[in-house]
Structure formats: structure tokens, C-alpha cells
$ cat target-v6.csv   # CSV, C-alpha atoms and all ligand atoms
chain,number,residue,atom,x,y,z
A,1,MET,CA,77.0,89.9,121.1
A,2,SER,CA,78.7,90.7,124.4
A,3,HIS,CA,80.1,94.2,124.9
A,4,THR,CA,83.8,94.8,124.2
A,5,ALA,CA,85.2,97.8,126.0
A,6,GLY,CA,87.3,100.3,124.1
A,7,ARG,CA,87.5,101.2,120.5
A,8,HIS,CA,88.0,98.5,117.8
A,9,PHE,CA,91.4,99.0,116.0
A,10,LEU,CA,90.6,99.1,112.3
A,11,GLN,CA,94.0,98.7,110.8
A,12,ILE,CA,93.2,97.3,107.4
A,13,PRO,CA,94.4,99.3,104.4
A,14,GLY,CA,90.9,100.7,104.0
A,15,PRO,CA,88.2,101.4,104.6
A,16,THR,CA,90.1,103.5,107.2
A,17,ASN,CA,89.0,105.1,110.5
A,18,VAL,CA,86.7,108.0,109.9
A,19,PRO,CA,87.5,111.0,112.1
A,20,ASP,CA,84.8,112.1,114.5
A,21,ARG,CA,84.7,115.5,112.8
A,22,VAL,CA,83.8,113.9,109.5
A,23,LEU,CA,81.3,111.6,111.2
A,24,ARG,CA,79.6,114.7,112.7
A,25,ALA,CA,79.6,116.5,109.4
A,26,MET,CA,77.7,113.6,107.9
A,27,ASP,CA,75.2,113.3,110.8
A,28,MET,CA,73.0,116.1,109.4
A,29,PRO,CA,69.6,116.2,107.8
A,30,THR,CA,69.7,115.2,104.2
A,31,MET,CA,69.3,118.2,101.9
A,32,ASP,CA,67.4,118.7,98.7
A,33,HIS,CA,70.0,117.6,96.2
A,34,ARG,CA,68.4,120.0,93.6
A,35,GLY,CA,68.1,123.0,95.9
A,36,PRO,CA,70.3,126.0,96.0
A,37,ASP,CA,72.2,125.1,99.2
A,38,PHE,CA,73.3,121.8,97.7
A,39,GLY,CA,74.5,123.6,94.5
A,40,THR,CA,76.7,125.9,96.6
A,41,LEU,CA,78.1,122.9,98.5
A,42,GLY,CA,78.6,120.9,95.3
A,43,LEU,CA,80.5,123.8,93.6
A,44,ARG,CA,82.8,124.2,96.7
A,45,VAL,CA,83.6,120.5,97.0
A,46,LEU,CA,84.2,120.0,93.3
A,47,ASP,CA,86.6,123.0,93.3
A,48,ARG,CA,88.5,122.0,96.4
A,49,VAL,CA,88.7,118.2,95.7
A,50,ARG,CA,91.1,119.0,92.8
A,51,HIS,CA,93.8,120.0,95.3
A,52,VAL,CA,94.2,116.5,96.6
A,53,PHE,CA,94.7,115.2,93.0
A,54,GLN,CA,97.1,118.1,92.4
A,55,THR,CA,95.1,119.1,89.3
A,56,GLN,CA,93.5,122.0,87.7
A,57,GLN,CA,91.3,119.7,85.6
A,58,PRO,CA,87.8,118.6,86.5
A,59,VAL,CA,87.3,115.8,89.0
A,60,ILE,CA,84.2,113.7,88.6
A,61,VAL,CA,82.6,112.3,91.7
A,62,TYR,CA,80.5,109.1,91.6
A,63,PRO,CA,78.2,107.7,94.3
A,64,ALA,CA,80.0,104.3,93.9
A,65,SER,CA,82.9,102.2,95.3
A,66,GLY,CA,86.3,102.3,93.6
A,67,THR,CA,85.3,99.5,91.2
A,68,GLY,CA,82.8,102.0,89.7
A,69,ALA,CA,85.5,104.5,89.1
A,70,TRP,CA,87.7,101.8,87.4
A,71,THR,CA,84.8,101.1,85.1
A,72,ALA,CA,84.1,104.7,84.5
A,73,ALA,CA,87.7,105.4,83.4
A,74,LEU,CA,87.6,102.7,80.8
A,75,VAL,CA,84.1,103.2,79.4
A,76,ASN,CA,84.5,106.9,79.0
A,77,THR,CA,87.6,106.8,76.9
A,78,LEU,CA,87.8,103.5,75.0
A,79,SER,CA,86.0,101.6,72.3
A,80,THR,CA,85.2,97.9,71.9
A,81,GLY,CA,88.3,95.8,71.2
A,82,ASP,CA,90.8,98.6,72.1
A,83,LYS,CA,94.1,97.3,73.4
A,84,VAL,CA,95.0,98.3,76.9
A,85,LEU,CA,98.5,97.7,78.5
A,86,MET,CA,98.4,96.8,82.2
A,87,SER,CA,101.0,95.8,84.7
A,88,GLU,CA,100.4,92.8,86.9
A,89,THR,CA,101.4,94.4,90.2
A,90,GLY,CA,98.9,92.4,92.3
A,91,HIS,CA,95.3,91.6,93.1
A,92,PHE,CA,93.8,95.0,92.3
A,93,ALA,CA,95.7,95.2,89.0
A,94,THR,CA,94.2,91.8,88.2
A,95,LEU,CA,90.7,92.9,89.1
A,96,TRP,CA,91.0,96.0,86.8
A,97,HIS,CA,92.3,93.7,84.1
A,98,GLU,CA,89.2,91.5,84.5
A,99,ILE,CA,86.9,94.5,84.2
A,100,ALA,CA,88.6,95.5,81.0
A,101,THR,CA,88.1,92.0,79.6
A,102,LYS,CA,84.4,92.0,80.6
A,103,LEU,CA,83.9,95.4,78.9
A,104,GLY,CA,85.1,93.9,75.6
A,105,LEU,CA,88.5,95.5,75.6
A,106,ASP,CA,91.7,93.7,74.8
A,107,PRO,CA,93.9,94.0,77.9
A,108,GLU,CA,97.5,92.8,77.9
A,109,PHE,CA,99.3,92.1,81.1
A,110,ILE,CA,103.0,92.7,81.7
A,111,PRO,CA,103.6,89.9,84.2
A,112,GLY,CA,104.8,90.7,87.7
A,113,ASN,CA,105.7,88.8,90.8
A,114,TRP,CA,103.4,90.8,93.2
A,115,ARG,CA,106.5,92.0,95.0
A,116,ASN,CA,107.3,95.2,93.0
A,117,GLY,CA,105.6,98.2,91.4
A,118,ALA,CA,105.1,98.3,87.6
A,119,ASP,CA,108.3,98.3,85.5
A,120,PRO,CA,108.7,101.5,83.4
A,121,ASP,CA,111.3,99.9,81.2
A,122,ALA,CA,108.9,97.0,80.3
A,123,ILE,CA,106.2,99.5,79.5
A,124,GLU,CA,108.5,101.5,77.3
A,125,ALA,CA,109.7,98.4,75.5
A,126,ARG,CA,106.1,97.2,74.8
A,127,LEU,CA,105.0,100.7,73.6
A,128,ALA,CA,108.1,101.0,71.4
A,129,GLU,CA,107.1,97.8,69.6
A,130,ASP,CA,103.6,99.1,69.0
A,131,LYS,CA,104.5,101.1,65.9
A,132,GLY,CA,100.8,101.2,64.8
A,133,HIS,CA,99.7,102.7,68.1
A,134,THR,CA,97.1,100.0,68.6
A,135,ILE,CA,97.5,100.3,72.4
A,136,LYS,CA,95.1,103.0,73.5
A,137,ALA,CA,95.7,103.1,77.2
A,138,VAL,CA,98.3,102.2,79.8
A,139,CYS,CA,96.7,101.4,83.2
A,140,VAL,CA,98.7,101.3,86.4
A,141,VAL,CA,97.8,100.9,90.0
A,142,HIS,CA,99.8,103.5,91.9
A,143,ASN,CA,99.7,101.7,95.3
A,144,GLU,CA,98.9,98.0,95.1
A,145,THR,CA,96.9,97.6,98.2
A,146,ALA,CA,97.3,93.8,98.1
A,147,THR,CA,101.2,94.0,98.2
A,148,GLY,CA,102.2,97.3,99.6
A,149,CYS,CA,104.3,98.2,96.5
A,150,VAL,CA,104.1,101.6,94.8
A,151,SER,CA,104.6,102.1,91.1
A,152,GLN,CA,106.6,105.1,90.0
A,153,ILE,CA,104.1,107.1,87.9
A,154,LYS,CA,106.5,109.9,86.9
A,155,ALA,CA,108.9,107.2,85.6
A,156,ILE,CA,106.1,105.5,83.7
A,157,ARG,CA,105.1,108.9,82.2
A,158,ASP,CA,108.7,109.5,81.1
A,159,ALA,CA,108.9,106.0,79.7
A,160,MET,CA,105.7,106.6,77.6
A,161,ASP,CA,107.2,109.9,76.4
A,162,ARG,CA,110.5,108.2,75.4
A,163,ALA,CA,108.5,105.7,73.4
A,164,ASN,CA,106.7,108.6,71.9
A,165,HIS,CA,103.4,106.7,72.2
A,166,PRO,CA,100.0,108.5,72.4
A,167,ALA,CA,98.3,106.0,74.7
A,168,LEU,CA,96.3,107.5,77.6
A,169,LEU,CA,97.8,107.0,81.0
A,170,MET,CA,95.3,105.9,83.6
A,171,VAL,CA,96.3,105.5,87.3
A,172,ASP,CA,94.4,103.9,90.2
A,173,THR,CA,95.2,105.9,93.3
A,174,ILE,CA,92.5,104.3,95.5
A,175,SER,CA,94.9,103.5,98.3
A,176,SER,CA,97.4,106.3,97.7
A,177,LEU,CA,95.4,109.5,97.2
A,178,ALA,CA,95.9,111.8,100.2
A,179,SER,CA,98.5,109.4,101.6
A,180,ILE,CA,101.3,109.2,99.1
A,181,ASP,CA,102.5,112.1,96.9
A,182,TYR,CA,100.6,111.9,93.7
A,183,ARG,CA,100.4,114.6,91.0
A,184,HIS,CA,97.8,114.2,88.3
A,185,ASP,CA,98.8,117.3,86.2
A,186,ALA,CA,102.6,117.3,86.7
A,187,TRP,CA,102.9,113.6,85.9
A,188,GLY,CA,100.7,113.9,82.8
A,189,VAL,CA,98.1,111.4,83.9
A,190,ASP,CA,95.0,111.3,81.8
A,191,VAL,CA,92.6,109.6,84.2
A,192,THR,CA,93.1,109.2,87.9
A,193,VAL,CA,90.8,106.7,89.7
A,194,ALA,CA,90.2,107.2,93.4
A,195,GLY,CA,87.9,106.2,96.2
A,196,SER,CA,86.7,107.9,99.4
A,197,GLN,CA,87.4,105.2,102.0
A,198,LYS,CA,91.2,105.4,102.4
A,199,GLY,CA,93.4,108.5,102.5
A,200,LEU,CA,90.3,110.7,102.2
A,201,MET,CA,89.1,109.4,105.6
A,202,LEU,CA,85.5,108.9,104.5
A,203,PRO,CA,83.3,105.8,104.6
A,204,PRO,CA,83.1,103.8,101.3
A,205,GLY,CA,80.7,105.1,98.8
A,206,LEU,CA,82.3,107.9,96.7
A,207,SER,CA,84.7,107.4,93.9
A,208,PHE,CA,86.5,109.7,91.5
A,209,ASN,CA,87.8,110.2,88.0
A,210,ALA,CA,90.2,113.2,87.6
A,211,VAL,CA,90.5,113.8,83.9
A,212,SER,CA,92.9,115.5,81.4
A,213,GLU,CA,92.0,117.4,78.3
A,214,LYS,CA,93.4,114.5,76.3
A,215,ALA,CA,91.0,112.1,78.1
A,216,LEU,CA,88.1,114.4,77.4
A,217,ALA,CA,89.0,114.5,73.8
A,218,ALA,CA,89.1,110.6,73.7
A,219,HIS,CA,85.8,110.6,75.5
A,220,LYS,CA,84.2,112.4,72.5
A,221,THR,CA,84.9,109.5,70.1
A,222,ALA,CA,85.0,106.4,72.4
A,223,ASN,CA,82.1,104.0,71.9
A,224,LEU,CA,81.7,101.8,75.0
A,225,ILE,CA,78.3,102.1,76.7
A,226,ARG,CA,78.5,104.6,79.6
A,227,THR,CA,75.0,105.1,80.9
A,228,TYR,CA,75.5,106.0,84.7
A,229,TRP,CA,79.2,106.7,84.2
A,230,ASP,CA,79.0,109.3,81.4
A,231,TRP,CA,81.4,112.2,82.1
A,232,SER,CA,79.5,114.5,79.8
A,233,ASP,CA,76.2,114.3,81.7
A,234,ILE,CA,78.0,114.7,85.0
A,235,LEU,CA,80.2,117.6,83.9
A,236,ALA,CA,77.2,119.4,82.5
A,237,ALA,CA,75.3,119.2,85.8
A,238,ASN,CA,78.4,119.9,87.8
A,239,THR,CA,78.7,123.4,86.3
A,240,LYS,CA,76.0,124.4,88.8
A,241,GLY,CA,77.1,122.1,91.6
A,242,PHE,CA,74.6,119.3,90.8
A,243,TRP,CA,74.6,115.8,89.5
A,244,PRO,CA,72.4,114.2,86.8
A,245,TYR,CA,71.1,111.7,89.4
A,246,THR,CA,70.9,111.6,93.2
A,247,PRO,CA,74.4,112.2,94.6
A,248,ALA,CA,75.5,110.7,97.9
A,249,THR,CA,74.5,113.9,99.7
A,250,ASN,CA,75.7,113.0,103.2
A,251,LEU,CA,79.0,111.7,102.0
A,252,ILE,CA,79.5,115.0,100.2
A,253,TYR,CA,79.1,116.8,103.5
A,254,GLY,CA,81.8,114.5,104.9
A,255,LEU,CA,84.1,115.1,101.9
A,256,ASP,CA,83.7,118.9,102.5
A,257,THR,CA,85.0,118.4,106.0
A,258,ALA,CA,87.7,115.9,105.1
A,259,LEU,CA,89.0,118.4,102.6
A,260,ASP,CA,89.1,121.1,105.3
A,261,MET,CA,91.2,118.7,107.4
A,262,LEU,CA,93.6,117.6,104.7
A,263,LEU,CA,94.1,121.1,103.3
A,264,ASP,CA,94.6,122.5,106.8
A,265,GLU,CA,97.3,119.9,107.6
A,266,GLY,CA,98.8,120.5,104.2
A,267,LEU,CA,99.4,117.8,101.7
A,268,ALA,CA,103.2,117.8,102.2
A,269,ASN,CA,102.6,117.1,105.9
A,270,VAL,CA,100.1,114.4,105.2
A,271,PHE,CA,102.6,112.6,102.9
A,272,ALA,CA,105.4,113.1,105.5
A,273,ARG,CA,103.2,111.7,108.2
A,274,HIS,CA,102.4,108.6,106.2
A,275,ASP,CA,106.1,108.1,105.2
A,276,ARG,CA,107.2,108.3,108.8
A,277,HIS,CA,104.6,105.8,110.1
A,278,ALA,CA,105.5,103.4,107.2
A,279,ALA,CA,109.2,103.7,108.1
A,280,ALA,CA,108.5,103.0,111.8
A,281,THR,CA,106.3,100.0,110.8
A,282,ARG,CA,109.2,98.6,108.7
A,283,ALA,CA,111.6,99.1,111.6
A,284,ALA,CA,109.2,96.9,113.6
A,285,VAL,CA,109.0,94.2,110.9
A,286,ASN,CA,112.8,94.1,110.5
A,287,ALA,CA,113.3,93.8,114.3
A,288,TRP,CA,110.8,90.9,114.4
A,289,GLY,CA,112.9,89.2,111.7
A,290,LEU,CA,109.9,88.9,109.4
A,291,GLU,CA,109.9,89.6,105.6
A,292,ILE,CA,108.3,92.6,104.0
A,293,LEU,CA,106.4,91.4,100.8
A,294,CYS,CA,107.6,94.4,98.8
A,295,GLU,CA,111.2,93.5,97.8
A,296,ASN,CA,112.3,96.8,96.3
A,297,PRO,CA,112.8,99.5,99.0
A,298,ALA,CA,112.2,102.2,96.4
A,299,HIS,CA,108.7,100.7,96.0
A,300,TYR,CA,107.7,100.6,99.7
A,301,SER,CA,104.2,101.8,100.3
A,302,SER,CA,103.6,104.5,102.9
A,303,SER,CA,99.9,103.4,103.2
A,304,LEU,CA,100.3,99.9,104.2
A,305,THR,CA,102.9,97.2,104.9
A,306,ALA,CA,102.3,93.6,103.8
A,307,ILE,CA,104.2,91.1,105.9
A,308,LEU,CA,105.1,87.5,104.9
A,309,VAL,CA,104.6,84.9,107.6
A,310,PRO,CA,107.2,82.1,107.8
A,311,ASP,CA,106.4,78.9,105.8
A,312,GLY,CA,104.0,76.7,107.6
A,313,VAL,CA,102.2,79.6,109.4
A,314,SER,CA,98.8,80.7,108.4
A,315,ALA,CA,98.6,84.5,108.1
A,316,ASP,CA,94.8,84.4,108.5
A,317,HIS,CA,95.3,82.5,111.8
A,318,VAL,CA,97.6,85.2,113.1
A,319,ARG,CA,95.0,87.8,112.1
A,320,SER,CA,92.2,85.9,113.8
A,321,VAL,CA,94.3,85.5,117.0
A,322,ILE,CA,94.9,89.3,117.0
A,323,LEU,CA,91.2,90.1,116.4
A,324,LYS,CA,90.0,87.7,119.1
A,325,ASN,CA,92.5,88.9,121.7
A,326,PHE,CA,93.0,92.6,120.9
A,327,ASN,CA,90.0,93.6,119.0
A,328,MET,CA,92.1,94.7,116.0
A,329,SER,CA,91.4,94.0,112.3
A,330,LEU,CA,94.4,93.6,110.0
A,331,GLY,CA,94.2,93.2,106.3
A,332,THR,CA,94.0,89.7,104.9
A,333,GLY,CA,96.2,88.4,102.0
A,334,LEU,CA,94.4,88.6,98.7
A,335,GLY,CA,94.6,86.5,95.5
A,336,LYS,CA,98.0,84.8,95.1
A,337,VAL,CA,99.3,85.8,98.5
A,338,ALA,CA,96.1,84.7,100.4
A,339,ASP,CA,97.1,83.3,103.8
A,340,LYS,CA,100.7,84.1,103.2
A,341,VAL,CA,100.7,87.7,104.3
A,342,PHE,CA,98.9,90.0,106.6
A,343,ARG,CA,98.7,93.7,106.0
A,344,ILE,CA,99.0,96.6,108.4
A,345,GLY,CA,97.1,99.7,107.2
A,346,HIS,CA,98.8,102.9,108.4
A,347,LEU,CA,96.9,105.4,106.4
A,348,GLY,CA,94.2,108.0,106.8
A,349,ASP,CA,93.4,109.5,110.2
A,350,PHE,CA,96.4,108.0,112.0
A,351,ASN,CA,99.0,109.1,114.5
A,352,ASP,CA,102.0,107.9,116.5
A,353,LEU,CA,100.1,106.4,119.4
A,354,ALA,CA,97.6,104.7,117.1
A,355,LEU,CA,100.6,103.1,115.3
A,356,MET,CA,102.2,102.0,118.6
A,357,GLY,CA,98.9,100.4,119.7
A,358,THR,CA,98.7,98.7,116.4
A,359,LEU,CA,102.3,97.3,116.5
A,360,SER,CA,101.9,96.2,120.1
A,361,GLY,CA,98.8,94.2,119.1
A,362,VAL,CA,100.8,92.6,116.2
A,363,GLU,CA,103.8,91.8,118.4
A,364,MET,CA,101.6,90.2,121.1
A,365,GLY,CA,99.6,88.4,118.5
A,366,LEU,CA,102.8,86.9,116.9
A,367,GLY,CA,103.7,85.6,120.3
A,368,LEU,CA,100.2,84.1,121.0
A,369,ALA,CA,100.0,82.5,117.5
A,370,ASP,CA,103.5,81.0,118.0
A,371,VAL,CA,104.9,82.7,115.0
A,372,PRO,CA,108.8,82.4,115.1
A,373,HIS,CA,110.0,85.9,115.5
A,374,GLN,CA,112.2,88.1,117.7
A,375,ALA,CA,110.9,90.5,120.2
A,376,GLY,CA,111.7,94.2,119.9
A,377,GLY,CA,109.6,95.4,117.0
A,378,VAL,CA,107.6,97.8,119.1
A,379,GLN,CA,110.8,99.1,120.6
A,380,ALA,CA,112.3,99.7,117.2
A,381,ALA,CA,109.3,101.5,116.0
A,382,MET,CA,109.3,103.7,119.1
A,383,GLU,CA,112.9,104.5,118.5
A,384,HIS,CA,112.2,105.6,115.0
A,385,LEU,CA,109.3,107.8,116.1
A,386,LYS,CA,111.3,109.4,118.8
A,387,ALA,CA,114.3,110.0,116.5
A,388,THR,CA,112.1,111.6,113.9
A,389,ALA,CA,109.7,113.4,116.3
A,390,SER,CA,111.3,116.8,116.2
A,391,SER,CA,111.7,116.9,112.4
A,392,HIS,CA,108.1,115.9,112.1
A,393,ALA,CA,106.9,118.6,114.5
A,394,LYS,CA,109.1,121.2,112.7
A,395,LEU,CA,107.4,120.3,109.4
A,396,ALA,CA,104.0,120.7,111.0
A,397,ASP,CA,105.1,124.1,112.5
A,398,ALA,CA,106.3,125.3,109.2
A,399,ALA,CA,102.9,124.6,107.7
A,400,GLU,CA,101.1,126.8,110.4
A,501,LIG,N1,92.0,99.5,93.6
A,501,LIG,C1,92.6,99.5,94.7
A,501,LIG,C2,94.1,99.8,94.7
A,501,LIG,C3,92.0,99.1,95.9
A,501,LIG,O1,92.7,99.1,97.0
A,501,LIG,C4,90.6,98.8,95.9
A,501,LIG,C5,89.9,98.4,97.1
A,501,LIG,O2,90.5,98.2,98.1
A,501,LIG,C6,89.9,98.9,94.6
A,501,LIG,C7,90.6,99.3,93.5
A,501,LIG,C8,88.5,98.5,94.5
A,501,LIG,O3,87.7,99.5,95.2
A,501,LIG,P1,86.3,99.1,95.8
A,501,LIG,O4,86.5,97.9,96.7
A,501,LIG,O5,86.0,100.4,96.6
A,501,LIG,O6,85.4,98.9,94.7
$ encode --input "target-v6.csv" --output "C-alpha cells"
Amino acid sequence: MSHTAGRHFLQIPGPTNVPDRVLRAMDMPTMDHRGPDFGTLGLRVLDRVRHVFQTQQPVIVYPASGTGAWTAALVNTLSTGDKVLMSETGHFATLWHEIATKLGLDPEFIPGNWRNGADPDAIEARLAEDKGHTIKAVCVVHNETATGCVSQIKAIRDAMDRANHPALLMVDTISSLASIDYRHDAWGVDVTVAGSQKGLMLPPGLSFNAVSEKALAAHKTANLIRTYWDWSDILAANTKGFWPYTPATNLIYGLDTALDMLLDEGLANVFARHDRHAAATRAAVNAWGLEILCENPAHYSSSLTAILVPDGVSADHVRSVILKNFNMSLGTGLGKVADKVFRIGHLGDFNDLALMGTLSGVEMGLGLADVPHQAGGVQAAMEHLKATASSHAKLADAAE
């Protein structure tokens, strides 16, 4: 392969760019994962990782991709044939639904058009009908990475409480954790599913279940086979900072450093940074005259923006023109929106000039791919960043 000068722009909505500081932290000799130094590291990481979930409860860390943590959430709390209520927000909700089916659960989908977050009223209505409490869990994807729509978890919790229904609430935060405000404890979530490769700024390979006392109680009686995913085995070993099997040692060094960085920036600043970059991206899309896939502004994602291309245009062609000419990867359309959208990831280790480089590549690519659009998106994003620069800096100063 011939050499391409300069850094590749990885602007998919995860895996995201790994900061050099995290890469350096992982570039270390592998430790004895049963030795005393690892135990000290394990205890420190397990304690601190709870901050990003905004929880005081245990967080279980798996050497697995996010799909593992989806599976773990279900097998640890549910029994064969249990009914699970899910919302069809997009491709990832659909995959989680498929896993539930494969595990022998009975998932029910509240249909969606892949352009909105989950509907709390529809969840409330379905739970209110379920007088016999046969539904054992409500599963929601917080940030649908395929669509760029966010579900309002607090509103869903309130809807469940209004229906006075005891189902567990499970939330996938794989593309929202450490990017979009998320509160495991305050929002009464029972199992939070997360992954390392997005807001946490790590490579793929770690995933997480944050659990509530109610989830731990359900765990005691649930009968699905858990083997590798068993919370009890892991929590027992975690009391001394270890795992029952070989943990992903070097990723855990990286997690320790990523936590230093996130906690140093402050979660409020991390969320504000993502909100601001998302707003600047939308300013660009509006100026181009293109349509944002998410149709409800209250559901706009701060991690990514999915952009519909005009009829007759192939979104994957636009992506390939941009990759070939500008060495930038954008997210492909998935499932029902394949080839209809491209997605700009603006999450993780990301700043104003990285956003401007990204949007410049998109605007030039739209031109090269002959996509009908208006110029001026980059300018509109710059105006937004300029107009909000001082308030952003003030927030950062206040955190110091
Ligand atoms: N859930 C969401 C919201 C995701 O974005 C992804 C992956 O991008 C997954 C689940 C699946 O995670 P993984 O691909 O790490 O198994």
C-alpha cells in the first residue's frame, strides 16, 4: 500500500480516536493478572469507573465487545420465556431484540420509524396493560448509533413509575456514556450496558454492566445460562481487584488513564463539549440544505449526526469519495437506512479543529460526489463555534 501522509480522520461514531496518552498507557509490559500490582490497579479502576456511569453501585467489566454486555445484561437477570419490552429505535435496538430471541426470551417490540428516540407514553401504555406483570424488563438504547436519536431515559423511568410496573429498566449506553449526560442511579436504571470504544476513548474490547440492587436481586433467581457472563463470579473476584478469568490487562491500563482524562475534564464539560460540536455539525447540515435523520430536535444526539442524502444519491458512494480523496472514514448507514444516510461521529477525543477538518472533508466530498447541496456548511459551523467559544472556555475555566 502506498504511503498516505497525515493522519487518517476516523469520524465514524465509534470506535473513536484513542488519545496518544491512552495509547502510551497501554504500551506497557503485560502484568501478572493475579499479582498484587494488578489487584491494586483493578480496585482503583473498578472504583473510579463508577463515576462515568454516575453510580455508587458496582460496575462489571468484561473483556468483550458491547454485544457481550448486551448478552450479559439479559442472561444475568432473566429466565427462559420471560417477556421483555423493547423499543424499535433503530439497528442496534433490533440487534439487541435478536439476541433476546436467541436466548429464549420473548421480546416485544414497540415499533418505531428509526427517526426518533423511544416513546415513553407507548411504554407506559403497554406496561399499564400488563396487569399480571409478565413483562420482566424494559430495554432501551439511550443513543441509537444508527440514527443519531437519543431516548429520554428519565422520562421512561417516570413512565414506568406511573404505570407502577416492577419491570427492570435496562439501558444501552454504548454510544452515549462519557459523551451525553447519563445517570444510572438518579434515573433508576437497573442495568446499564456500555462499551470501551466510544466516549471512553479506548479501543474496542471492554464492555460493562452497571447494576442496581434490584438487578442483583433478580440475578439470584434468574435461570438463563450465564457461564462467562456471571456477575456473581466476577463480583466475588472484584472484591480484591481481580477477575475470575484473564482480564484484558492492557485495556485496563488504558481505562485507568482514560478515567484520569475524563474526570480531570469533568463530566459536565465533557457533555457540554459534545453538545456544542453536535450543534455546530447540525448548523453545517442545515446550511448544506440536507436533512438530519433524527426528526425530533429534542432527540438529537450529541455523539453523532446521521444525514439523509437526497433521493437517487448513494450515501455509500459519498463516503467512498470522501475516503479516497480526504482519507476520512464516515459511518455507513445500517439496516433500514443502509445507503440512505452517512453518519458523522463527533464523540470521544475531539475538539473544534478536528470538527472543522471533518466538516471541510464532508463539504468538499459532497461537491466531488455531485450531491445537490448549498455551500456554506463549514462557515455556519465556524460561526457557531466562534459564537460559543467564550462560554465554552468559561465552563472549562470554572472546572479548574
Ligand atoms: N449498541 C450500540 C448503541 C452500538 O453502537 C453498538 C456498536 O456500535 C453495539 C450496541 C454493539 O457493540 P459491539 O459492536 O461493540 O459489540
$ closest_atom_pairs --input "target-v6.csv" --of "chain A" --to "ligand LIG 501 (chain A)" --cutoff "9 Å" --atoms "only C-alpha atoms and all ligand atoms" --output "Markdown table"
| residue | atom | partner | partner_atom | distance |
| --- | --- | --- | --- | --- |
| A:Pro13 | CA | A:LIG501 | O2 | 7.5 |
| A:Gly14 | CA | A:LIG501 | O2 | 6.4 |
| A:Pro15 | CA | A:LIG501 | O2 | 7.6 |
| A:Ala64 | CA | A:LIG501 | O5 | 7.6 |
| A:Ser65 | CA | A:LIG501 | O5 | 3.8 |
| A:Gly66 | CA | A:LIG501 | O3 | 3.5 |
| A:Thr67 | CA | A:LIG501 | O6 | 3.6 |
| A:Gly68 | CA | A:LIG501 | O6 | 6.4 |
| A:Ala69 | CA | A:LIG501 | O6 | 7.9 |
| A:Trp70 | CA | A:LIG501 | C7 | 7.2 |
| A:His91 | CA | A:LIG501 | C2 | 8.4 |
| A:Phe92 | CA | A:LIG501 | N1 | 5.0 |
| A:Ala93 | CA | A:LIG501 | N1 | 7.3 |
| A:Leu95 | CA | A:LIG501 | C7 | 7.8 |
| A:Trp96 | CA | A:LIG501 | C7 | 7.5 |
| A:Val141 | CA | A:LIG501 | C2 | 6.1 |
| A:His142 | CA | A:LIG501 | C2 | 7.3 |
| A:Asn143 | CA | A:LIG501 | C2 | 5.9 |
| A:Glu144 | CA | A:LIG501 | C2 | 5.1 |
| A:Thr145 | CA | A:LIG501 | O1 | 4.6 |
| A:Ala146 | CA | A:LIG501 | O1 | 7.1 |
| A:Asp172 | CA | A:LIG501 | N1 | 6.1 |
| A:Thr173 | CA | A:LIG501 | C2 | 6.4 |
| A:Ile174 | CA | A:LIG501 | C2 | 4.8 |
| A:Ser175 | CA | A:LIG501 | O1 | 5.1 |
| A:Ser176 | CA | A:LIG501 | C2 | 7.9 |
| A:Val193 | CA | A:LIG501 | N1 | 8.3 |
| A:Ala194 | CA | A:LIG501 | N1 | 7.9 |
| A:Gly195 | CA | A:LIG501 | O5 | 6.1 |
| A:Ser196 | CA | A:LIG501 | O5 | 8.0 |
| A:Gln197 | CA | A:LIG501 | O5 | 7.4 |
| A:Lys198 | CA | A:LIG501 | O2 | 8.4 |
| A:Pro204 | CA | A:LIG501 | O5 | 6.5 |
| A:Gly205 | CA | A:LIG501 | O5 | 7.4 |
| A:Leu206 | CA | A:LIG501 | O5 | 8.4 |
| A:Ser207 | CA | A:LIG501 | O5 | 7.6 |
$ atom_distance --input "target-v6.csv" --atom1 "CA of Ala354 in chain A" --atom2 "CA of Leu10 in chain A"
10.2 Å
$ closest_residue --input "target-v6.csv" --among "A:Ile110, A:Ala298, A:Val61, A:Leu251" --to "Ser151 in chain A" --atoms "only C-alpha atoms"
A:Ala298
$ closest_residue --input "target-v6.csv" --among "A:Val337, A:Ala215, A:Ile344, A:Leu169" --to "Pro58 in chain A" --atoms "all atoms listed in the file"
A:Ala215
$ closest_residue --input "target-v6.csv" --among "A:Val52, A:Leu334, A:Leu255, A:Val84" --to "Ala315 in chain A" --atoms "only C-alpha atoms"
A:Leu334
$ closest_residue --input "target-v6.csv" --among "A:His165, A:Asn250, A:Phe9, A:Arg273" --to "Met31 in chain A" --atoms "all atoms listed in the file"
A:Asn250
$ residues_around --input "target-v6.csv" --residues "His33 in chain A" --least-positions-apart "4" --cutoff "12 Å" --atoms "all atoms listed in the file" --output "list in words"
Pro29, Asp37, Phe38, Gly39, Thr40, Leu41, Gly42, Ala237, Lys240, Gly241, Phe242, Trp243, Pro244, Tyr245, Thr246, Pro247, Ala248, Thr249, Asn250, Ile252 and Tyr253 of chain A
$ build_atoms --input "target-v6.csv" --residues "range 94-106 of chain A" --atoms "N, CA and C atoms" --output "tab-separated table (two decimals), in the coordinates of the input"
chain	number	residue	atom	x	y	z
A	94	THR	N	94.88	92.93	88.87
A	94	THR	CA	94.20	91.80	88.20
A	94	THR	C	92.72	92.01	88.11
A	95	LEU	N	92.13	92.61	89.14
A	95	LEU	CA	90.70	92.90	89.10
A	95	LEU	C	90.38	93.93	87.97
A	96	TRP	N	91.24	94.93	87.87
A	96	TRP	CA	91.00	96.00	86.80
A	96	TRP	C	91.14	95.33	85.45
A	97	HIS	N	92.10	94.44	85.30
A	97	HIS	CA	92.30	93.70	84.10
A	97	HIS	C	91.01	92.91	83.73
A	98	GLU	N	90.44	92.27	84.73
A	98	GLU	CA	89.20	91.50	84.50
A	98	GLU	C	88.06	92.37	84.04
A	99	ILE	N	87.97	93.55	84.63
A	99	ILE	CA	86.90	94.50	84.20
A	99	ILE	C	87.09	94.86	82.75
A	100	ALA	N	88.34	95.14	82.38
A	100	ALA	CA	88.60	95.50	81.00
A	100	ALA	C	88.16	94.39	80.04
A	101	THR	N	88.46	93.15	80.42
A	101	THR	CA	88.10	92.00	79.60
A	101	THR	C	86.53	91.96	79.48
A	102	LYS	N	85.86	92.09	80.63
A	102	LYS	CA	84.40	92.00	80.60
A	102	LYS	C	83.76	93.10	79.78
A	103	LEU	N	84.44	94.24	79.69
A	103	LEU	CA	83.90	95.40	78.90
A	103	LEU	C	84.13	95.19	77.40
A	104	GLY	N	84.83	94.13	77.02
A	104	GLY	CA	85.10	93.90	75.60
A	104	GLY	C	86.34	94.60	75.10
A	105	LEU	N	87.21	95.00	76.04
A	105	LEU	CA	88.50	95.50	75.60
A	105	LEU	C	89.50	94.39	75.49
A	106	ASP	N	90.71	94.70	75.06
A	106	ASP	CA	91.70	93.70	74.80
A	106	ASP	C	92.93	93.98	75.72
